[in-house]
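Student: Got a structure for you, written out below as structure tokens; questions coming shortly.
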Amino acid sequence: MRPLEQVHVINLHLEDLRSIGHKLDILQDLISNVVREGEAWLEVMDETPTFSQFNQYLSNESSRCLQTCLDIAAGHSRFDEVRADISTMKLSQKTSEENFSVLSEKFEHLAQSLSKKIKYLERENRNQEQLIQELARKQTFTETENSLKFDDYQRELMAASDFIKVETEYLSEKVDKCEERNEAILGTQTFQNVEKKVSDLEEKILRFDSSTSTEAFCLQVKGMKKTDLKRDTTLQLFNHVVNLSLSPHFNKETGVYRVPHDGIYLVCLMVENLTSKRVQLHVYRKTKCGQETPLLFSQSYVKKCTSYSGVPVHMQKDDEMYIKSTEDYTGLKLGNNSFFWCVLIKKT
């Protein structure tokens with residue numbers, strides 16, 4: 001099948017040729033009739049029409065034939081107009097092809113740019129996923145480690161409690177034996193000697209009791225309270241006494257614990273975070289001279305996460321210990337698994 005433009009041009013040529021042939025056939029018939037009439041006029045010696053009339057007739061018919069030829073020639077110029085239209089169509093087509101080429105280049109450039117951006121976003125998404133996985137792994141490791149530490153400290157506390165119980169029973173037995181011996185001494189020695197020995201025994205008992213007596217407190221956040229905590233403000237949410245009677249040296253109203261003896265203390269803080277933001281709380285110690293130093297901190301990165309920290313600390317009498325934050329928190333919410341406790345391990 002030939003191209004559409006070529007078929008159109010050839011068909012126009014053929015149509016013009018057919019039209020010219022048809023017009024020439026008509027002209028040929030007209031010329032033949034005029035020639036036959038002229039030949040007949042020559043053969044017939046009739047004065048009708050006259051020579052002048054017939055001569056004018058032939059001149060008119062000749063002019064008519066020539067005009068017909070001119071009209072045929074003028075009608076043939078239609079092909080030139082059509083050809084000019086075709087040239088205009090080709091030029092328009094060429095311009096459209098150039099515009100299409102420019103649009104194709106722009107589209108290809110845009111597609112490449114979008115492809116680069118999509119690859120960049122995919123790479124950033126993978127990096128974010130890796131970061132989240134790493135944070136989750138660290139959080140899991142921290143929770144496991146804190147849980148193990150809490151179990152260790154709980155075992156140590158139970159061991160200390162058992163030790164205190166055994167020592168108390170031993171002391172009670174000693175006192176009973178001393179009372180029995182005192183009764184025996186009353187029968188064998190003078191009252192003065194007995195009084196002196198009893199006084200010495202009471203002094204020893206007091207010293208022994210003073211060296212083995214303990215100091216401790218354990219407080220819990222009760223009822224999932226919610227509060228706004230300002231930076232460098234003492235936290236007062238730990239107000240529920242657990243297991244032990246409240247130490248007279250801890251003020252629930254201010255959240256401050258005043259150290260009653262010089263010694264080594266085990267200080268622990270466990271925080272259950274019920275907010276969707278990172279929470280970090282610090283336990284501070286303030287000396288009698290006003291010097292403030294952090295002892296430990298506990299932080300939770302995500303909601304419903306519990307963190308734990310504990311350290312043994314040497315403190316002196318009248319030192320102050322309390323919890324506060326180095327950041328501002330709005331709507332701080334701690335769970336029931338939040339504990340703050342301290343145990344005197346050894347006096348110094």
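Going through the structure tokens in order, the chains are called A, B, and so on, while each chain numbers its residues from 1 and the ligands are numbered from 1 in the order shown.
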Could the residues of segment 206-294 of chain A that have an atom at most 7 Å from segment 332-345 of chain A be listed as a tab-separated table, each with its closest atom pair and the distance in Å to one decimal, counting only C-alpha atoms and ordered by chain and ascending residue number?

Tutor:
```
residue	atom	partner	partner_atom	distance
A:Thr214	CA	A:Leu344	CA	6.0
A:Glu215	CA	A:Leu344	CA	5.2
A:Ala216	CA	A:Val343	CA	4.3
A:Phe217	CA	A:Trp341	CA	5.5
A:Cys218	CA	A:Trp341	CA	4.1
A:Leu219	CA	A:Phe340	CA	5.3
A:Gln220	CA	A:Phe339	CA	4.6
A:Val221	CA	A:Asn336	CA	5.4
A:Lys222	CA	A:Asn336	CA	5.5
A:Gly223	CA	A:Asn336	CA	6.7
A:Met224	CA	A:Gly335	CA	4.9
A:Lys225	CA	A:Lys333	CA	6.0
A:Lys226	CA	A:Lys333	CA	4.5
A:Thr227	CA	A:Leu332	CA	5.2
A:Asp228	CA	A:Leu332	CA	5.8
A:Leu229	CA	A:Leu332	CA	6.8
A:Phe238	CA	A:Phe340	CA	6.9
A:Gly263	CA	A:Leu344	CA	6.9
A:Ile264	CA	A:Ile345	CA	5.6
A:Tyr265	CA	A:Leu344	CA	4.4
A:Leu266	CA	A:Val343	CA	5.2
A:Val267	CA	A:Cys342	CA	4.6
A:Cys268	CA	A:Trp341	CA	5.5
A:Leu269	CA	A:Phe340	CA	4.8
A:Met270	CA	A:Phe339	CA	5.1
A:Val271	CA	A:Ser338	CA	4.4
A:Glu272	CA	A:Gly335	CA	5.1
A:Asn273	CA	A:Leu334	CA	5.2
A:Leu274	CA	A:Lys333	CA	5.4
A:Thr275	CA	A:Lys333	CA	6.0
```

Student: Out of A:Thr326, A:Ser161, A:Asn251, A:Thr306, which residue has the shortest atom-to-atom distance to Thr233 of chain A when counting only C-alpha atoms?

Tutor: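 With only C-alpha atoms as the atom set, the closest residue is A:Thr326.
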
Student: Taking only C-alpha atoms into account, which of A:Met321, A:Asn243, A:Tyr329, A:Gly255 comes nearest Ser276 of chain A?

Tutor: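 The closest residue to Ser276 of chain A is A:Tyr329.
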
Student: Nearest residue to His22 of chain A out of A:Ser307, A:Tyr120, A:Gln53, A:Ile72, using only C-alpha atoms?

Tutor: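 Among the listed residues, the smallest separation from His22 of chain A belongs to A:Ile72.
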
Student: What does the distance from atom CA of Thr140 of chain A to atom CA of Lys303 of chain A come to in Å, to one decimal?

Tutor: 13.3 Å

Student: I need the residues in segment 124-344 of chain A that are helix (DSSP H, G or I) according to DSSP; give them as JSON, numbers by chain.

Tutor: {"A": [124, 125, 126, 127, 128, 129, 130, 131, 132, 133, 134, 135, 136, 137, 138, 139, 140, 141, 142, 143, 144, 145, 146, 147, 148, 149, 150, 151, 152, 153, 154, 155, 156, 157, 158, 159, 160, 161, 162, 163, 164, 165, 166, 167, 168, 169, 170, 171, 172, 173, 174, 175, 176, 177, 178, 179, 180, 181, 182, 183, 184, 185, 186, 187, 188, 191, 192, 193, 194, 195, 196, 197, 198, 199, 200, 201, 202, 203, 204, 205, 206, 207, 208, 209, 210, 211, 212]}

Student: I'd like the interatomic distance between atom CA of Thr95 of chain A and atom CA of Val7 of chain A, to a tenth of an Å.

Tutor: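 If I compute the distance from atom CA of Thr95 of chain A to atom CA of Val7 of chain A, I get 22.7 Å.
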
Student: Can you measure atom CA of Cys305 of chain A to atom CA of Arg137 of chain A for me? One decimal in Å is fine.

Tutor: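 Atom-to-atom, atom CA of Cys305 of chain A and atom CA of Arg137 of chain A are spaced 13.3 Å apart.
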
Student: List the neighbours of segment 68-70 of chain A out to 10 Å using only C-alpha atoms; skip same-chain residues closer than 3 positions along the sequence, and give me the result as a ChimeraX atom specification.

Tutor: /A:20,23-24,26-27,62-65,73-76

Student: Quick one: write out the picked residues with C-alpha atoms as a tab-separated table (two decimals), in the first residue's frame?

Tutor:
```
chain	number	residue	atom	x	y	z
A	20	ILE	CA	-9.55	17.80	-19.39
A	23	LYS	CA	-13.84	18.98	-21.95
A	24	LEU	CA	-11.67	18.28	-25.03
A	26	ILE	CA	-16.92	18.36	-26.04
A	27	LEU	CA	-14.66	20.88	-27.80
A	62	SER	CA	-13.28	30.10	-33.31
A	63	SER	CA	-13.17	32.57	-30.40
A	64	ARG	CA	-15.49	30.32	-28.45
A	65	CYS	CA	-13.22	27.31	-29.01
A	73	ALA	CA	-5.99	25.62	-18.97
A	74	ALA	CA	-7.22	27.84	-16.06
A	75	GLY	CA	-8.99	24.87	-14.43
A	76	HIS	CA	-5.72	22.92	-14.43
```

Student: In terms of the shortest atom-to-atom distance over only C-alpha atoms, which of A:Thr168, A:Ser147, A:Gln280, A:Gln133 is closest to Ser300 of chain A?

Tutor: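 The shortest atom-to-atom distance to Ser300 of chain A comes from A:Gln280.
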
Student: Counting only C-alpha atoms, figure out which residue out of A:Lys230, A:Lys117, A:His282, A:Lys277 gets nearest to Lys324 of chain A.

Tutor: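 Closest residue, counting only C-alpha atoms: A:His282.
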
Student: Give me the residues near segment 290-294 of chain A as a PDB file with C-alpha atoms, in the first residue's frame, where near means some atom within 12 Å (using only C-alpha atoms) and where sequence neighbours in that chain fewer than 6 positions away do not count.

Tutor:
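Written output follows (selection.pdb):
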```
ATOM      1  CA  ASP A 232      15.180  20.981  87.897  1.00  0.00           C
ATOM      2  CA  VAL A 267      19.843   3.274  95.636  1.00  0.00           C
ATOM      3  CA  LEU A 281      14.718  10.791  85.294  1.00  0.00           C
ATOM      4  CA  HIS A 282      17.788  11.326  87.514  1.00  0.00           C
ATOM      5  CA  VAL A 283      18.474  10.589  91.200  1.00  0.00           C
ATOM      6  CA  TYR A 284      20.549  13.407  92.723  1.00  0.00           C
ATOM      7  CA  VAL A 311      24.002   1.615  92.310  1.00  0.00           C
ATOM      8  CA  VAL A 313      26.553   4.891  97.012  1.00  0.00           C
ATOM      9  CA  MET A 315      26.636   9.015 101.654  1.00  0.00           C
ATOM     10  CA  ASP A 318      22.223  14.923 106.497  1.00  0.00           C
ATOM     11  CA  ASP A 319      22.892  14.475 102.776  1.00  0.00           C
ATOM     12  CA  GLU A 320      19.709  14.885 100.706  1.00  0.00           C
ATOM     13  CA  MET A 321      18.568  12.556  97.928  1.00  0.00           C
ATOM     14  CA  TYR A 322      15.713  13.198  95.465  1.00  0.00           C
ATOM     15  CA  ILE A 323      14.489  12.627  91.869  1.00  0.00           C
ATOM     16  CA  LYS A 324      14.273  15.314  89.220  1.00  0.00           C
ATOM     17  CA  SER A 325      14.556  15.802  85.463  1.00  0.00           C
ATOM     18  CA  THR A 326      16.909  17.838  83.306  1.00  0.00           C
TER      19      THR A 326
END
```

Student: Report as a PyMOL selection string: the residues of segment 219-267 of chain A with a DSSP assignment of strand (DSSP E), based on the backbone of this structure.

Tutor: chain A and resi 219-220+226-229+240-241+250-251+256-258+263-267
